[in-house]
Every structure is written in C-alpha cells, then in structure tokens.
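Here is the structure we will look at, set down as structure tokens.
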Amino acid sequence: MKRIVLLLLTLASVAAVVAESWTPAIGGSSGAQVGQPAPEITGGPWINSAPLSMEGLRGRVVLVEFWTYG
C-alpha cells in the first residue's frame with residue numbers, strides 16, 4: 001500500500017512540473033499565446049445584447065459557441 005501511495009505521489013509531482021513548464025501556443029494566424037491578452041471577439045450574431053468589446057466583458061463569465069458544418 002505504501003508503494004502505491006509513493007508511486008502516485010511521484011507521478012503527481014512529475015505531472016505538476018511538466019504542466020508548470022508547458023505553455024502551448026494557440027493556433028491560428030493571430031499569434032495569440034497562453035498568458036497574453038485575448039484578441040477582440042469578432043463575428044456574430046450577439047444574442048440578447050449589442051456587440052461588446054473585451055473591455056466591456058471584463059469580469060464577466062462569457063460563453064463562446066462556435067461550430068461549422070462538415
């Protein structure tokens with residue numbers, strides 16, 4: 001039992017170190033990266049409001065739904 005706990009703690013520590021050092025780039029031509037400010041949201045339609053800027057959305061929970069046919 002002690003070996004299993006030690007193994008799990010070791011694996012969790014390794015996973016934490018890997019997760020801390022890994023910062024993937026977000027795809028697309030915008031060059032946006034994790035930890036950087038989000039680009040402005042474009043497109044539509046906006047439901048139940050006029051289009052807002054990123055500043056207008058600051059501090060709010062935002063649901064972004066996107067999909068395509070195919």
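In the structure tokens, the first chain shown is A, the next is B, and so on; residue numbers restart at 1 for each chain, and ligands run from 1 in the order shown.
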Per-residue DSSP, chain A, filtered to helix (DSSP H, G or I), as a list in words: Lys2, Arg3, Ile4, Val5, Leu6, Leu7, Leu8, Leu9, Thr10, Leu11, Ala12, Ser13, Val14, Ala15, Ala16, Val17, Val18, Ala19, Glu20, Ser21, Met54, Glu55, Gly56 and Leu57 of chain A
Selection: 12 Å around range 53-63 of chain A, only C-alpha atoms, excl. self and same-chain fewer than 3 positions, as a VMD selection string: chain A and resid 37 to 43 46 to 47 49 to 50 66
Atom pair CA of Glu65 in chain A / CA of Gly44 in chain A: separation (Å): 10.2 Å
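Relative to CA of Val18 in chain A, CA of Met1 in chain A is found at 26.0 Å.
You will find CA of Val64 in chain A at 11.1 Å from CA of Pro45 in chain A.
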